[in-house]
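First up is the structure itself, then whatever we jot down about it.
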Amino acid sequence: MKTPIGPEIAFELGGVGAPAISPDGLVVAYVRGQVQEGKRVSWIECAPFEGGESRGLTSGDSDSSPVWAPDGSVLAFLRPSSAEAGAPRQIWLLPTDGGEARRLTNLEHSVAGFDWLPDGSGMIAVVDIDPHRGQRDGSKTTVVRETYYRGDVLGYREDAWHQLFRVDASTGCELQLTSGTYNHAHPVVSPDGRWVAFTADRNVDRERRRPFGSELCVMSTQGVAGGGHVERLTPGVMSAGRACWSPGGLSLAVSVTDMSQRHQAYLERVERYSGERTRLTDDSVNPQSGFFPISGPPKMVWTDEGITFAADVRGRSGVYRVSAEGLGEPETIRAEAELINGFDVSADGALLAVVSTTPDGPGEVVSVQTGSPPLPSASPPKGGRKESRLTNAATDFVESREIGAVEFFTVERDGWEIPCGLMYPPGFDPDQSYPLVMEIHGGPNGFFGEGFNALHQVIAGAGYLVLFVNPRGSSTYGANFTDAVTVDWGGEDSFDLLEALDAVCERPYVDANRLGVHGYSYGGYMTTWLIGHVNRFKAAIAGAPVVNLWSMWGVSDIGPSWGSYQWGDVPDDNFDWYRERSPITYIDSVRCPVLILHGESDWRVPISQGEEYFAGLRYRGKPAEMVRFPGCSHSMFRVGDPAMVKEYYERMIAWLDRHVK
């Protein structure tokens, strides 16, 4: 008998990621993840590109980042050097003709990523040089010299920097290519093996941009130990993604964001020697850029037919190809009602591997053959495309559960179409009346897309309707829509949410007297903002809420860079606005019970924000509780302790049942 989804999903739902197509196009390797004995573990599997039985490739419990050697003879991946907690990640090599994996590198520091040289003789690796590794426990002080001295998930950085190394694939011997107080990432080697393109925060004003600010750079793969010449190709951009080289190696394609529109990416062609830039896409597509620091930008490929890349468009993901000659409308290669959470493309652009998630299905690896040239063993695909589902990581879980159905719709306000979704509880009966919870996403430039959302399923599984909205400020709907929230937090975005709430409350099966609200991060900001301005909710749950913009600017790991852009200026130059737009200013107007859920190791929205709000509520005698989650970062739902995630769900549902249902 099927049962609704509950908090146990934190332990029971497996996942897949990081697909990698073999050079001959016959196999796709990927990372498989699961919770075992309360711990997140991951290993690498592979499956035939055209579908078939998968098989395990590695036996570690923290394996990641599979990358095939150019000739396909070896699969390289990352694994910690030992089972000891905090052991640095190293590059390991697995021969594809059989045998055990061997460790290639023996670095004191962790490898964060790498790209093979075209001849397979070695690779360019990103290494996290941390001079304080193993020394912090014996020290009672931390010396801070940079504005970005600690990062969510990463912890304290102090004098740690990501540097590029050249690693020999036979001996593991390494040569450090870069140095200095800069971070380098996403190396991609040129077709002739002479150059490596990468991103780096070598900007003059990098203190105001970290950790997101970066430029596209190029240097020799031979280099001089620690001091090779670095050419900056995109000075003045806010950030640059992972590049790809033209077939002849004279140009590169890269996604960039401008200083004035930091959450809308554009694909550009950059000339290798002159630095001349040509914009190739407009804001109708938003090239994927990853999720710092957990995942980087996905791969792109440049062929004679154009540049193939993954992008998000109006709440969905797709794969597109654009001409390298100039601004034009991208050709749609794949566009489904899905989100893509992992992507790879073959060197000729004909084969794709995506991690596809839909509203009723968690992520699975899907292979896509887009056309000629076909696989060596296959006939040309009919209709121009052939697809195969390669994994069943979530099949057992999904088949035993009742999945909440989703309806997507829009409301119109102030000349904008506001995208919305409504999830129905399992066994929904339109003749009955249901309580409703409004869910608010983070960002503020995140978005609720057409993919599986575990949190929404847990709420729906407890018997609630779930309303989720993409108010102005949400990304994937064009630059103007995304940028409309800048320096207007708590303004028009809040009215967009209330407009959507009014619309669904007109439906006969929505009990407008039993409304709850929950949001995390910026969603926590908007939750506390709304309950300070309207008295419509029976209860509120604020996850890691931003409540005081003035203090948030100075305590968040990204406050000085990201906060100054979002809020228009530094707080001491704009005190009245900061005070006016801080939810804590309106705490006396709160009328409903409030639950605050916050990770104690959150450096993105430090727990002091939740503490301020809780103290203000209790001092005024208002019903409130605060739950502190030890060891949890702001990204606890992605990489946190599954037991903590499960308890978050449990306490959220208990609060709603107590005060709303």
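Residues are named by chain letter and number: chains run A, B, ... in the order of the structure tokens, numbers start at 1 in each chain, and ligands are numbered from 1 in the order shown.
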Apply DSSP to the structure's backbone, then extract all residues of range 475-598 of chain A labelled helix (DSSP H, G or I) and return them as an MDAnalysis selection string.
chainID A and resid 479:483 492:505 522:531 549:555 559:567 571:573 575:580 583:589
Residue list (strand (DSSP E), DSSP) for range 156-232 of chain A, as a ChimeraX atom specification
/A:156,161-168,174-176,184-189,195-200,215-220,231-232
May I have the selected residues written with C-alpha atoms, as a short mmCIF file (atom, residue, chain, number, x, y, z; two decimals), in the first residue's frame?
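So part_35.cif came out as:
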```cif
data_model
loop_
_atom_site.label_atom_id
_atom_site.label_comp_id
_atom_site.auth_asym_id
_atom_site.auth_seq_id
_atom_site.Cartn_x
_atom_site.Cartn_y
_atom_site.Cartn_z
CA TYR A 156 37.09 29.43 7.80
CA TRP A 161 43.31 29.90 -1.85
CA HIS A 162 42.47 27.71 -4.83
CA GLN A 163 45.53 27.35 -7.07
CA LEU A 164 46.16 25.55 -10.38
CA PHE A 165 48.55 22.60 -10.58
CA ARG A 166 49.77 20.51 -13.50
CA VAL A 167 49.72 16.82 -12.54
CA ASP A 168 51.53 14.04 -14.39
CA GLU A 174 52.76 18.09 -9.64
CA LEU A 175 53.83 21.60 -10.58
CA GLN A 176 52.04 24.61 -9.09
CA HIS A 184 41.27 29.91 -9.52
CA ALA A 185 38.61 27.49 -10.74
CA HIS A 186 37.08 25.56 -13.67
CA PRO A 187 40.17 24.80 -15.81
CA VAL A 188 39.57 23.82 -19.45
CA VAL A 189 42.58 22.90 -21.61
CA TRP A 195 46.84 26.70 -22.85
CA VAL A 196 44.36 26.42 -20.02
CA ALA A 197 41.36 28.71 -19.63
CA PHE A 198 40.00 29.19 -16.11
CA THR A 199 38.19 31.66 -13.88
CA ALA A 200 39.93 33.75 -11.25
CA GLU A 215 36.99 36.75 -14.78
CA LEU A 216 37.95 34.46 -17.65
CA CYS A 217 41.73 34.00 -17.74
CA VAL A 218 44.25 32.03 -19.81
CA MET A 219 47.78 30.84 -19.10
CA SER A 220 50.28 28.30 -20.43
CA GLU A 231 46.04 36.89 -19.19
CA ARG A 232 42.71 38.38 -18.13
#
```
Neighbours of Gly315 in chain A within 7 Å (only C-alpha atoms; same-chain residues fewer than 5 positions away dropped), as a PDB file with N, CA and C atoms, in the first residue's frame?
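Result file is part_27.pdb:
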```pdb
ATOM      1  N   PHE A 447      14.365  30.280  -7.868  1.00  0.00           N
ATOM      2  CA  PHE A 447      13.058  30.083  -8.489  1.00  0.00           C
ATOM      3  C   PHE A 447      12.549  28.687  -8.163  1.00  0.00           C
ATOM      4  N   PHE A 448      11.241  28.551  -8.117  1.00  0.00           N
ATOM      5  CA  PHE A 448      10.611  27.245  -8.018  1.00  0.00           C
ATOM      6  C   PHE A 448      10.399  26.731  -9.440  1.00  0.00           C
ATOM      7  N   GLY A 449      11.093  25.652  -9.789  1.00  0.00           N
ATOM      8  CA  GLY A 449      10.995  25.131 -11.143  1.00  0.00           C
ATOM      9  C   GLY A 449      10.163  23.872 -11.211  1.00  0.00           C
ATOM     10  N   GLU A 450      10.084  23.314 -12.409  1.00  0.00           N
ATOM     11  CA  GLU A 450       9.265  22.132 -12.642  1.00  0.00           C
ATOM     12  C   GLU A 450      10.077  20.869 -12.380  1.00  0.00           C
ATOM     13  N   THR A 476      15.246  33.213 -14.312  1.00  0.00           N
ATOM     14  CA  THR A 476      14.824  32.442 -15.496  1.00  0.00           C
ATOM     15  C   THR A 476      13.686  33.104 -16.263  1.00  0.00           C
TER      16      THR A 476
END
```
Could you give me, as a PDB file with N, CA, C and O atoms, in the first residue's frame, the residues within 6 Å of Trp603 in chain A, counting only C-alpha atoms and dropping anything in the same chain fewer than 5 positions from it?
```
ATOM      1  N   ASP A 152      30.187  29.780   3.758  1.00  0.00           N
ATOM      2  CA  ASP A 152      29.224  28.749   4.099  1.00  0.00           C
ATOM      3  C   ASP A 152      29.632  27.438   3.435  1.00  0.00           C
ATOM      4  O   ASP A 152      30.052  27.419   2.279  1.00  0.00           O
ATOM      5  N   SER A 556      27.289  38.215   7.450  1.00  0.00           N
ATOM      6  CA  SER A 556      27.189  37.196   6.408  1.00  0.00           C
ATOM      7  C   SER A 556      28.504  37.074   5.651  1.00  0.00           C
ATOM      8  O   SER A 556      29.216  38.068   5.449  1.00  0.00           O
ATOM      9  N   ASP A 557      28.815  35.859   5.181  1.00  0.00           N
ATOM     10  CA  ASP A 557      30.039  35.676   4.398  1.00  0.00           C
ATOM     11  C   ASP A 557      30.003  36.454   3.089  1.00  0.00           C
ATOM     12  O   ASP A 557      31.055  36.752   2.510  1.00  0.00           O
TER      13      ASP A 557
END
```
Quick one: residues within 10 Å of Val555 in chain A, only C-alpha atoms counted, chain neighbours fewer than 5 positions away excluded, as a ChimeraX atom specification?
/A:550,560,603-609
So what do you get for CA of Glu37 in chain A versus CA of Ile459 in chain A, distance-wise?
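That distance, rounded to one decimal, is 25.3 Å.
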Quick one: everything within 8 Å of range 383-397 of chain A, counting only C-alpha atoms, minus sequence neighbours fewer than 4 positions away in the same chain. Send it as a JSON list (two decimals) with C-alpha atoms, in the first residue's frame.
```
[["chain", "number", "residue", "atom", "x", "y", "z"],
["A", 12, "GLU", "CA", 15.27, 7.00, 2.04],
["A", 13, "LEU", "CA", 15.58, 8.93, -1.23],
["A", 14, "GLY", "CA", 18.73, 8.19, -3.23],
["A", 15, "GLY", "CA", 20.19, 10.41, -5.91],
["A", 16, "VAL", "CA", 22.47, 10.60, -8.95],
["A", 32, "ARG", "CA", 25.28, 7.51, -7.12],
["A", 47, "ALA", "CA", 25.47, 2.31, -17.67],
["A", 48, "PRO", "CA", 25.39, 1.74, -21.44],
["A", 49, "PHE", "CA", 24.49, 4.95, -23.26],
["A", 50, "GLU", "CA", 21.56, 3.26, -24.99],
["A", 51, "GLY", "CA", 20.25, 1.81, -21.73],
["A", 52, "GLY", "CA", 20.79, -1.45, -19.96],
["A", 54, "SER", "CA", 24.21, -0.48, -14.67],
["A", 361, "GLY", "CA", 10.01, 12.25, -10.21],
["A", 362, "PRO", "CA", 13.38, 12.75, -8.46],
["A", 363, "GLY", "CA", 16.51, 13.03, -10.59],
["A", 364, "GLU", "CA", 17.58, 10.20, -12.90],
["A", 365, "VAL", "CA", 20.25, 10.05, -15.61],
["A", 366, "VAL", "CA", 18.81, 10.25, -19.13],
["A", 367, "SER", "CA", 20.88, 9.83, -22.31],
["A", 368, "VAL", "CA", 19.90, 11.75, -25.43],
["A", 369, "GLN", "CA", 21.12, 10.99, -28.95],
["A", 370, "THR", "CA", 20.37, 14.16, -30.88],
["A", 371, "GLY", "CA", 21.09, 12.91, -34.41],
["A", 401, "ARG", "CA", 4.72, 6.62, -2.11]]
```
Counting only C-alpha atoms, what is within 12 Å of range 638-645 of chain A, bar same-chain residues fewer than 2 positions away, as a count of residues only?
54
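Comparing A:Gly296, A:Gly451, A:Gly516, A:Gly193 by their smallest distance to Ala243 in chain A, the closest is A:Gly296 (using only C-alpha atoms).
Interatomic distance, CA of Thr221 in chain A to CA of Leu177 in chain A: 7.8 Å.
If you measure from each of A:Asp431, A:Glu305, A:Gly349, A:Asn286 to Gly318 in chain A using only C-alpha atoms, the closest one turns out to be A:Asn286.
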For a test of reading the model, state the distance in Å between CA of Ile340 in chain A and CA of Thr357 in chain A, rounded to one decimal.
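Rounded to one decimal, the two atoms are 6.5 Å apart.
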